[in-house]
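Novice: Got input13.txt for you, compact mmCIF, N, CA and C atoms:
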```txt
# COMPACT_ATOMS: atom_id res chain seq x y z
N MET C 1 0.83 -1.18 0.00
CA MET C 1 0.00 0.00 0.00
C MET C 1 0.88 1.25 0.00
N SER C 2 0.51 2.24 -0.81
CA SER C 2 1.29 3.48 -0.84
C SER C 2 1.03 4.29 0.43
N GLU C 3 1.93 5.18 0.69
CA GLU C 3 1.81 6.02 1.88
C GLU C 3 0.56 6.90 1.76
N PRO C 4 -0.24 7.00 2.83
CA PRO C 4 -1.46 7.80 2.75
C PRO C 4 -1.14 9.29 2.60
N ARG C 5 -2.02 9.96 1.89
CA ARG C 5 -1.89 11.42 1.74
C ARG C 5 -2.45 12.09 2.99
N LEU C 6 -1.66 13.01 3.56
CA LEU C 6 -2.05 13.69 4.79
C LEU C 6 -2.34 15.16 4.51
N THR C 7 -3.46 15.62 5.04
CA THR C 7 -3.85 17.02 4.93
C THR C 7 -3.96 17.60 6.32
N ALA C 8 -3.40 18.78 6.51
CA ALA C 8 -3.60 19.54 7.74
C ALA C 8 -4.46 20.74 7.39
N ILE C 9 -5.49 20.97 8.20
CA ILE C 9 -6.30 22.17 8.00
C ILE C 9 -6.16 23.07 9.22
N LEU C 10 -6.11 24.35 8.97
CA LEU C 10 -5.96 25.34 10.02
C LEU C 10 -6.90 26.50 9.69
N CYS C 11 -7.82 26.77 10.59
CA CYS C 11 -8.72 27.91 10.43
C CYS C 11 -8.25 29.03 11.32
N ASN C 12 -8.29 30.24 10.80
CA ASN C 12 -7.75 31.38 11.51
C ASN C 12 -8.72 32.56 11.47
N TYR C 13 -8.79 33.24 12.59
CA TYR C 13 -9.48 34.53 12.65
C TYR C 13 -8.72 35.42 13.64
N ASN C 14 -8.02 36.40 13.09
CA ASN C 14 -7.30 37.40 13.89
C ASN C 14 -6.28 36.79 14.86
N HIS C 15 -5.56 35.77 14.42
CA HIS C 15 -4.51 35.16 15.24
C HIS C 15 -3.13 35.36 14.61
N ALA C 16 -2.93 36.50 13.97
CA ALA C 16 -1.64 36.76 13.30
C ALA C 16 -0.46 36.57 14.24
N ILE C 17 -0.64 36.91 15.49
CA ILE C 17 0.46 36.80 16.45
C ILE C 17 0.89 35.35 16.68
N HIS C 18 -0.03 34.40 16.53
CA HIS C 18 0.27 32.99 16.75
C HIS C 18 0.63 32.23 15.47
N LEU C 19 0.23 32.74 14.33
CA LEU C 19 0.39 32.01 13.08
C LEU C 19 1.82 31.60 12.75
N PRO C 20 2.82 32.47 12.89
CA PRO C 20 4.17 32.03 12.52
C PRO C 20 4.63 30.78 13.27
N GLU C 21 4.39 30.72 14.56
CA GLU C 21 4.82 29.54 15.32
C GLU C 21 4.02 28.30 14.91
N ALA C 22 2.72 28.46 14.72
CA ALA C 22 1.88 27.32 14.31
C ALA C 22 2.26 26.84 12.91
N LEU C 23 2.45 27.77 11.98
CA LEU C 23 2.79 27.38 10.61
C LEU C 23 4.21 26.87 10.50
N ASP C 24 5.14 27.43 11.27
CA ASP C 24 6.50 26.88 11.29
C ASP C 24 6.49 25.42 11.75
N ALA C 25 5.68 25.13 12.78
CA ALA C 25 5.59 23.75 13.28
C ALA C 25 5.00 22.83 12.23
N LEU C 26 3.98 23.29 11.51
CA LEU C 26 3.38 22.47 10.45
C LEU C 26 4.34 22.29 9.28
N CYS C 27 4.95 23.37 8.83
CA CYS C 27 5.81 23.31 7.65
C CYS C 27 7.16 22.66 7.92
N GLY C 28 7.55 22.56 9.18
CA GLY C 28 8.85 22.01 9.54
C GLY C 28 8.83 20.55 9.94
N GLN C 29 7.75 19.85 9.68
CA GLN C 29 7.67 18.43 10.05
C GLN C 29 8.64 17.59 9.24
N SER C 30 9.19 16.54 9.86
CA SER C 30 10.12 15.64 9.16
C SER C 30 9.43 14.85 8.06
N ARG C 31 8.14 14.61 8.21
CA ARG C 31 7.31 14.01 7.15
C ARG C 31 6.29 15.10 6.81
N PRO C 32 6.56 15.85 5.74
CA PRO C 32 5.64 16.94 5.42
C PRO C 32 4.25 16.43 5.06
N GLN C 33 3.26 17.24 5.39
CA GLN C 33 1.91 16.93 4.95
C GLN C 33 1.87 17.14 3.44
N ASP C 34 0.98 16.41 2.80
CA ASP C 34 0.85 16.59 1.36
C ASP C 34 0.22 17.94 1.05
N GLU C 35 -0.62 18.41 1.95
CA GLU C 35 -1.19 19.74 1.80
C GLU C 35 -1.53 20.31 3.17
N ILE C 36 -1.37 21.61 3.27
CA ILE C 36 -1.77 22.36 4.45
C ILE C 36 -2.75 23.40 3.94
N ILE C 37 -3.99 23.30 4.38
CA ILE C 37 -5.01 24.23 3.93
C ILE C 37 -5.28 25.21 5.06
N VAL C 38 -5.03 26.48 4.80
CA VAL C 38 -5.25 27.52 5.79
C VAL C 38 -6.42 28.37 5.31
N VAL C 39 -7.45 28.45 6.14
CA VAL C 39 -8.61 29.29 5.83
C VAL C 39 -8.57 30.50 6.76
N ASP C 40 -8.48 31.67 6.17
CA ASP C 40 -8.60 32.88 6.98
C ASP C 40 -10.05 33.33 6.92
N ASP C 41 -10.62 33.55 8.08
CA ASP C 41 -12.06 33.83 8.19
C ASP C 41 -12.34 35.32 8.33
N GLY C 42 -11.86 36.09 7.35
CA GLY C 42 -12.15 37.52 7.35
C GLY C 42 -11.40 38.32 8.40
N SER C 43 -10.17 37.93 8.68
CA SER C 43 -9.38 38.62 9.71
C SER C 43 -9.18 40.09 9.37
N THR C 44 -9.09 40.89 10.43
CA THR C 44 -8.84 42.32 10.28
C THR C 44 -7.45 42.70 10.77
N ASP C 45 -6.67 41.73 11.25
CA ASP C 45 -5.29 41.99 11.65
C ASP C 45 -4.38 41.65 10.47
N SER C 46 -3.13 41.35 10.71
CA SER C 46 -2.18 41.07 9.63
C SER C 46 -2.12 39.59 9.24
N SER C 47 -3.14 38.84 9.60
CA SER C 47 -3.16 37.40 9.30
C SER C 47 -2.99 37.09 7.82
N VAL C 48 -3.67 37.84 6.96
CA VAL C 48 -3.61 37.58 5.52
C VAL C 48 -2.18 37.69 5.01
N GLU C 49 -1.46 38.68 5.46
CA GLU C 49 -0.08 38.85 5.03
C GLU C 49 0.79 37.70 5.53
N VAL C 50 0.58 37.28 6.76
CA VAL C 50 1.37 36.17 7.32
C VAL C 50 1.10 34.90 6.52
N ILE C 51 -0.16 34.58 6.32
CA ILE C 51 -0.53 33.35 5.60
C ILE C 51 -0.03 33.39 4.16
N SER C 52 -0.20 34.54 3.51
CA SER C 52 0.27 34.69 2.12
C SER C 52 1.77 34.41 2.02
N GLY C 53 2.53 34.87 3.00
CA GLY C 53 3.96 34.63 2.99
C GLY C 53 4.30 33.14 3.04
N TYR C 54 3.58 32.39 3.85
CA TYR C 54 3.80 30.94 3.93
C TYR C 54 3.35 30.26 2.64
N ALA C 55 2.23 30.68 2.09
CA ALA C 55 1.75 30.09 0.83
C ALA C 55 2.73 30.36 -0.31
N ASP C 56 3.39 31.51 -0.29
CA ASP C 56 4.39 31.82 -1.31
C ASP C 56 5.66 30.99 -1.15
N ARG C 57 6.01 30.67 0.10
CA ARG C 57 7.26 29.93 0.37
C ARG C 57 7.12 28.42 0.28
N TYR C 58 5.94 27.88 0.56
CA TYR C 58 5.76 26.43 0.64
C TYR C 58 4.72 25.98 -0.38
N ASP C 59 5.12 25.06 -1.24
CA ASP C 59 4.23 24.56 -2.29
C ASP C 59 3.01 23.82 -1.75
N ASN C 60 3.13 23.24 -0.56
CA ASN C 60 2.01 22.45 -0.02
C ASN C 60 1.02 23.28 0.80
N VAL C 61 1.26 24.59 0.93
CA VAL C 61 0.34 25.45 1.68
C VAL C 61 -0.65 26.08 0.70
N ARG C 62 -1.94 25.81 0.96
CA ARG C 62 -3.03 26.40 0.16
C ARG C 62 -3.77 27.39 1.04
N PHE C 63 -3.96 28.58 0.52
CA PHE C 63 -4.59 29.66 1.27
C PHE C 63 -5.98 29.92 0.71
N LEU C 64 -6.98 29.75 1.57
CA LEU C 64 -8.36 30.07 1.22
C LEU C 64 -8.79 31.23 2.12
N ARG C 65 -9.45 32.21 1.53
CA ARG C 65 -9.78 33.41 2.29
C ARG C 65 -11.27 33.71 2.21
N ASN C 66 -11.89 33.81 3.37
CA ASN C 66 -13.26 34.29 3.45
C ASN C 66 -13.18 35.81 3.51
N ARG C 67 -13.87 36.48 2.63
CA ARG C 67 -13.83 37.95 2.60
C ARG C 67 -14.47 38.55 3.85
N THR C 68 -15.47 37.85 4.40
CA THR C 68 -16.11 38.28 5.64
C THR C 68 -16.08 37.12 6.61
N ASN C 69 -16.22 37.43 7.90
CA ASN C 69 -16.20 36.42 8.93
C ASN C 69 -17.43 35.52 8.81
N GLN C 70 -17.19 34.22 8.63
CA GLN C 70 -18.26 33.23 8.48
C GLN C 70 -18.44 32.37 9.72
N GLY C 71 -17.43 32.31 10.55
CA GLY C 71 -17.45 31.45 11.73
C GLY C 71 -16.60 30.21 11.51
N LEU C 72 -16.33 29.53 12.60
CA LEU C 72 -15.43 28.37 12.57
C LEU C 72 -15.98 27.21 11.74
N LEU C 73 -17.23 26.84 11.96
CA LEU C 73 -17.75 25.67 11.24
C LEU C 73 -17.81 25.86 9.73
N PRO C 74 -18.31 26.98 9.21
CA PRO C 74 -18.26 27.17 7.77
C PRO C 74 -16.83 27.18 7.22
N SER C 75 -15.90 27.75 7.98
CA SER C 75 -14.50 27.76 7.54
C SER C 75 -13.93 26.35 7.52
N ALA C 76 -14.21 25.57 8.56
CA ALA C 76 -13.73 24.19 8.61
C ALA C 76 -14.35 23.37 7.49
N ASN C 77 -15.62 23.56 7.23
CA ASN C 77 -16.27 22.84 6.13
C ASN C 77 -15.65 23.21 4.79
N ARG C 78 -15.32 24.47 4.62
CA ARG C 78 -14.67 24.90 3.37
C ARG C 78 -13.33 24.20 3.21
N ALA C 79 -12.57 24.12 4.28
CA ALA C 79 -11.27 23.44 4.23
C ALA C 79 -11.44 21.95 3.94
N LEU C 80 -12.41 21.33 4.60
CA LEU C 80 -12.64 19.90 4.37
C LEU C 80 -13.07 19.61 2.94
N GLU C 81 -13.89 20.48 2.38
CA GLU C 81 -14.32 20.30 0.98
C GLU C 81 -13.14 20.42 0.02
N ALA C 82 -12.16 21.24 0.37
CA ALA C 82 -11.00 21.43 -0.49
C ALA C 82 -9.93 20.36 -0.29
N ALA C 83 -9.99 19.66 0.83
CA ALA C 83 -8.95 18.68 1.17
C ALA C 83 -8.93 17.52 0.19
N GLU C 84 -7.71 17.12 -0.17
CA GLU C 84 -7.52 15.99 -1.08
C GLU C 84 -6.86 14.80 -0.41
N GLY C 85 -6.48 14.93 0.86
CA GLY C 85 -5.78 13.86 1.55
C GLY C 85 -6.69 12.72 1.96
N ASP C 86 -6.06 11.60 2.27
CA ASP C 86 -6.78 10.44 2.79
C ASP C 86 -7.14 10.63 4.26
N PHE C 87 -6.30 11.39 4.98
CA PHE C 87 -6.51 11.68 6.39
C PHE C 87 -6.32 13.17 6.61
N VAL C 88 -7.13 13.71 7.52
CA VAL C 88 -7.11 15.14 7.79
C VAL C 88 -6.79 15.37 9.26
N THR C 89 -5.89 16.30 9.50
CA THR C 89 -5.56 16.74 10.85
C THR C 89 -6.09 18.14 11.04
N TRP C 90 -6.78 18.35 12.14
CA TRP C 90 -7.30 19.66 12.49
C TRP C 90 -6.28 20.37 13.37
N CYS C 91 -5.93 21.59 13.02
CA CYS C 91 -5.03 22.40 13.84
C CYS C 91 -5.66 23.76 14.06
N ALA C 92 -5.53 24.27 15.26
CA ALA C 92 -5.97 25.63 15.54
C ALA C 92 -4.81 26.58 15.28
N ALA C 93 -5.12 27.84 15.09
CA ALA C 93 -4.09 28.83 14.76
C ALA C 93 -3.09 29.03 15.90
N ASP C 94 -3.46 28.62 17.10
CA ASP C 94 -2.52 28.75 18.22
C ASP C 94 -2.00 27.39 18.70
N ASP C 95 -2.14 26.35 17.87
CA ASP C 95 -1.58 25.03 18.17
C ASP C 95 -0.16 24.95 17.64
N ILE C 96 0.68 24.22 18.36
CA ILE C 96 2.05 23.99 17.93
C ILE C 96 2.28 22.48 17.93
N LEU C 97 2.41 21.92 16.75
CA LEU C 97 2.66 20.48 16.65
C LEU C 97 4.11 20.18 17.01
N LEU C 98 4.32 19.12 17.73
CA LEU C 98 5.67 18.71 18.09
C LEU C 98 6.38 18.14 16.86
N PRO C 99 7.71 18.28 16.80
CA PRO C 99 8.46 17.71 15.68
C PRO C 99 8.20 16.20 15.58
N GLY C 100 8.12 15.72 14.38
CA GLY C 100 7.94 14.29 14.13
C GLY C 100 6.51 13.79 14.22
N THR C 101 5.56 14.68 14.44
CA THR C 101 4.16 14.27 14.59
C THR C 101 3.68 13.49 13.37
N PHE C 102 3.86 14.02 12.18
CA PHE C 102 3.32 13.37 11.00
C PHE C 102 4.14 12.16 10.56
N GLU C 103 5.39 12.12 10.95
CA GLU C 103 6.20 10.92 10.71
C GLU C 103 5.62 9.75 11.52
N ARG C 104 5.27 10.01 12.78
CA ARG C 104 4.68 8.98 13.63
C ARG C 104 3.27 8.61 13.15
N VAL C 105 2.50 9.60 12.74
CA VAL C 105 1.15 9.33 12.22
C VAL C 105 1.24 8.45 10.98
N SER C 106 2.12 8.79 10.07
CA SER C 106 2.28 8.02 8.84
C SER C 106 2.72 6.59 9.14
N ALA C 107 3.63 6.42 10.10
CA ALA C 107 4.09 5.08 10.48
C ALA C 107 2.94 4.28 11.09
N ALA C 108 2.14 4.92 11.94
CA ALA C 108 1.00 4.22 12.54
C ALA C 108 -0.01 3.79 11.48
N LEU C 109 -0.26 4.66 10.52
CA LEU C 109 -1.19 4.30 9.45
C LEU C 109 -0.63 3.18 8.58
N GLY C 110 0.69 3.15 8.42
CA GLY C 110 1.31 2.05 7.67
C GLY C 110 1.18 0.72 8.39
N ARG C 111 1.26 0.75 9.72
CA ARG C 111 1.12 -0.49 10.49
C ARG C 111 -0.33 -0.96 10.56
N TYR C 112 -1.25 -0.01 10.52
CA TYR C 112 -2.68 -0.33 10.64
C TYR C 112 -3.43 0.28 9.46
N PRO C 113 -3.30 -0.32 8.28
CA PRO C 113 -3.86 0.28 7.07
C PRO C 113 -5.38 0.39 7.05
N THR C 114 -6.06 -0.33 7.91
CA THR C 114 -7.53 -0.22 7.94
C THR C 114 -8.01 0.80 8.96
N ALA C 115 -7.08 1.46 9.64
CA ALA C 115 -7.47 2.45 10.65
C ALA C 115 -8.20 3.62 10.00
N GLY C 116 -9.14 4.17 10.72
CA GLY C 116 -9.86 5.33 10.25
C GLY C 116 -9.49 6.58 11.01
N VAL C 117 -8.83 6.41 12.17
CA VAL C 117 -8.51 7.54 13.04
C VAL C 117 -7.16 7.27 13.70
N VAL C 118 -6.37 8.32 13.84
CA VAL C 118 -5.15 8.28 14.64
C VAL C 118 -5.30 9.41 15.65
N ALA C 119 -5.11 9.12 16.91
CA ALA C 119 -5.26 10.14 17.96
C ALA C 119 -3.92 10.35 18.66
N ALA C 120 -3.77 11.53 19.22
CA ALA C 120 -2.55 11.86 19.95
C ALA C 120 -2.91 12.62 21.21
N GLU C 121 -1.97 12.62 22.12
CA GLU C 121 -2.15 13.35 23.36
C GLU C 121 -1.83 14.83 23.16
N THR C 122 -2.59 15.67 23.80
CA THR C 122 -2.36 17.11 23.77
C THR C 122 -1.58 17.51 25.02
N ILE C 123 -0.57 18.31 24.83
CA ILE C 123 0.20 18.83 25.96
C ILE C 123 -0.20 20.28 26.14
N ILE C 124 -0.58 20.61 27.35
CA ILE C 124 -0.99 22.00 27.64
C ILE C 124 0.03 22.65 28.53
```
What do you get writing this file as structure tokens?

Specialist:
Amino acid sequence: MSEPRLTAILCNYNHAIHLPEALDALCGQSRPQDEIIVVDDGSTDSSVEVISGYADRYDNVRFLRNRTNQGLLPSANRALEAAEGDFVTWCAADDILLPGTFERVSAALGRYPTAGVVAAETII
């Protein structure tokens, strides 16, 4: 079986201050995601500029922009509709994934090819 395609989705609303750390953690994984879909939900801070910079630098970052604030669920649904991966990871704009997260996820999916979900512990 080929390696599963992994998609990370991140919805953002006015979290420009947190985005660089969250996106650096996503983009710096040892096993890159096949796509990272970032939906900005009509932010009024500098979020659009931050996200655009990452989309320009990384081929796997896709930027979707809501012109007006739609709320979290419509934004998440938009990201899910655009996702092409076999598995989707939800990330918040202020989440920081630990190094090696997707390498371990991919290995777990390889060991258990019929799995539908992979879960991890959250550190607060």

Novice: Could you tell me which of C:Asn60, C:Ser2, C:Gln70, C:Asn14 comes closest to Asp34 (chain C) if we count all atoms listed in the file?

Specialist: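 Ranking C:Asn60, C:Ser2, C:Gln70, C:Asn14 by distance to Asp34 (chain C), first place goes to C:Asn60.
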
Novice: Pick from C:Ala55, C:Leu98, C:Ala22, C:Val88: nearest to Leu6 (chain C), with all atoms listed in the file counted?

Specialist: C:Val88

Novice: So which one's closest to Arg67 (chain C), C:Arg111, C:Ala83, C:Ala119, C:Asp41? Using only N, CA and C atoms, please.

Specialist: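 Nearest to Arg67 (chain C): C:Asp41.
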
Novice: Measuring between all atoms listed in the file, which one of C:Asp45, C:Glu81, C:Glu3, C:Asp95 shows the shortest distance to Leu19 (chain C)?

Specialist: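 With all atoms listed in the file as the atom set, the closest residue is C:Asp95.
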
Novice: As an exercise, work out the distance from CA of Gly28 (chain C) to CA of Glu103 (chain C) in Å and give it to one decimal place.

Specialist: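 Interatomic distance, CA of Gly28 (chain C) to CA of Glu103 (chain C): 11.5 Å.
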
Novice: Please, what distance in Å, to one decimal, runs between atom N of Arg65 (chain C) and CA of Val117 (chain C)?

Specialist: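 The value is 27.2 Å.
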
Novice: Of the residues C:Arg57, C:Arg104, C:Arg5, C:Arg78, which is the one nearest to Val39 (chain C), using only N, CA and C atoms?

Specialist: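 Nearest to Val39 (chain C): C:Arg78.
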
Novice: Please indicate the distance in Å from atom N of Pro74 (chain C) to atom C of Cys91 (chain C), rounded to one decimal place.

Specialist: 13.9 Å

Novice: Taking all atoms listed in the file into account, which of C:Phe63, C:Ser46, C:Ala92, C:Glu35 comes nearest Asn12 (chain C)?

Specialist: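 Checking each candidate against Asn12 (chain C), we get C:Ala92 as the closest.
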
Novice: Can you pull out every residue from region 59-102 of chain C that DSSP, working from the backbone, puts in strand (DSSP E), and format the result as number ranges by chain?

Specialist: C: 61-66, 87-92

Novice: Write out as a list in words which residues come within 5 Å of Ala8 (chain C) when counting only N, CA and C atoms, dropping same-chain ones fewer than 5 positions away.

Specialist: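 Counting only N, CA and C atoms, the residues come to Glu35, Ile36, Ile37 and Thr89 of chain C.
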
Novice: Would you mind completing region 11-37 of chain C so that it carries N, CA, C and O atoms, and writing it out as a compact mmCIF listing (two decimals), keeping the file's coordinate frame?

Specialist:
```txt
# COMPACT_ATOMS: atom_id res chain seq x y z
N CYS C 11 -7.82 26.77 10.59
CA CYS C 11 -8.72 27.91 10.43
C CYS C 11 -8.25 29.03 11.32
O CYS C 11 -7.87 28.81 12.47
N ASN C 12 -8.29 30.24 10.80
CA ASN C 12 -7.75 31.38 11.51
C ASN C 12 -8.72 32.56 11.47
O ASN C 12 -9.35 32.83 10.46
N TYR C 13 -8.79 33.24 12.59
CA TYR C 13 -9.48 34.53 12.65
C TYR C 13 -8.72 35.42 13.64
O TYR C 13 -8.72 35.17 14.85
N ASN C 14 -8.02 36.40 13.09
CA ASN C 14 -7.30 37.40 13.89
C ASN C 14 -6.28 36.79 14.86
O ASN C 14 -6.14 37.26 15.99
N HIS C 15 -5.56 35.77 14.42
CA HIS C 15 -4.51 35.16 15.24
C HIS C 15 -3.13 35.36 14.61
O HIS C 15 -2.27 34.49 14.71
N ALA C 16 -2.93 36.50 13.97
CA ALA C 16 -1.64 36.76 13.30
C ALA C 16 -0.46 36.57 14.24
O ALA C 16 0.59 36.09 13.83
N ILE C 17 -0.64 36.91 15.49
CA ILE C 17 0.46 36.80 16.45
C ILE C 17 0.89 35.35 16.68
O ILE C 17 2.05 35.07 16.96
N HIS C 18 -0.03 34.40 16.53
CA HIS C 18 0.27 32.99 16.75
C HIS C 18 0.63 32.23 15.47
O HIS C 18 1.25 31.17 15.54
N LEU C 19 0.23 32.74 14.33
CA LEU C 19 0.39 32.01 13.08
C LEU C 19 1.82 31.60 12.75
O LEU C 19 2.04 30.47 12.32
N PRO C 20 2.82 32.47 12.89
CA PRO C 20 4.17 32.03 12.52
C PRO C 20 4.63 30.78 13.27
O PRO C 20 5.18 29.86 12.66
N GLU C 21 4.39 30.72 14.56
CA GLU C 21 4.82 29.54 15.32
C GLU C 21 4.02 28.30 14.91
O GLU C 21 4.59 27.22 14.74
N ALA C 22 2.72 28.46 14.72
CA ALA C 22 1.88 27.32 14.31
C ALA C 22 2.26 26.84 12.91
O ALA C 22 2.40 25.64 12.67
N LEU C 23 2.45 27.77 11.98
CA LEU C 23 2.79 27.38 10.61
C LEU C 23 4.21 26.87 10.50
O LEU C 23 4.48 25.95 9.71
N ASP C 24 5.14 27.43 11.27
CA ASP C 24 6.50 26.88 11.29
C ASP C 24 6.49 25.42 11.75
O ASP C 24 7.20 24.57 11.20
N ALA C 25 5.68 25.13 12.78
CA ALA C 25 5.59 23.75 13.28
C ALA C 25 5.00 22.83 12.23
O ALA C 25 5.45 21.70 12.06
N LEU C 26 3.98 23.29 11.51
CA LEU C 26 3.38 22.47 10.45
C LEU C 26 4.34 22.29 9.28
O LEU C 26 4.52 21.17 8.78
N CYS C 27 4.95 23.37 8.83
CA CYS C 27 5.81 23.31 7.65
C CYS C 27 7.16 22.66 7.92
O CYS C 27 7.83 22.23 6.99
N GLY C 28 7.55 22.56 9.18
CA GLY C 28 8.85 22.01 9.54
C GLY C 28 8.83 20.55 9.94
O GLY C 28 9.82 20.05 10.48
N GLN C 29 7.75 19.85 9.68
CA GLN C 29 7.67 18.43 10.05
C GLN C 29 8.64 17.59 9.24
O GLN C 29 8.88 17.86 8.06
N SER C 30 9.19 16.54 9.86
CA SER C 30 10.12 15.64 9.16
C SER C 30 9.43 14.85 8.06
O SER C 30 10.04 14.48 7.07
N ARG C 31 8.14 14.61 8.21
CA ARG C 31 7.31 14.01 7.15
C ARG C 31 6.29 15.10 6.81
O ARG C 31 5.30 15.27 7.50
N PRO C 32 6.56 15.85 5.74
CA PRO C 32 5.64 16.94 5.42
C PRO C 32 4.25 16.43 5.06
O PRO C 32 4.09 15.34 4.53
N GLN C 33 3.26 17.24 5.39
CA GLN C 33 1.91 16.93 4.95
C GLN C 33 1.87 17.14 3.44
O GLN C 33 2.61 17.94 2.89
N ASP C 34 0.98 16.41 2.80
CA ASP C 34 0.85 16.59 1.36
C ASP C 34 0.22 17.94 1.05
O ASP C 34 0.50 18.52 0.00
N GLU C 35 -0.62 18.41 1.95
CA GLU C 35 -1.19 19.74 1.80
C GLU C 35 -1.53 20.31 3.17
O GLU C 35 -1.88 19.58 4.09
N ILE C 36 -1.37 21.61 3.27
CA ILE C 36 -1.77 22.36 4.45
C ILE C 36 -2.75 23.40 3.94
O ILE C 36 -2.39 24.26 3.13
N ILE C 37 -3.99 23.30 4.38
CA ILE C 37 -5.01 24.23 3.93
C ILE C 37 -5.28 25.21 5.06
O ILE C 37 -5.70 24.81 6.15
```
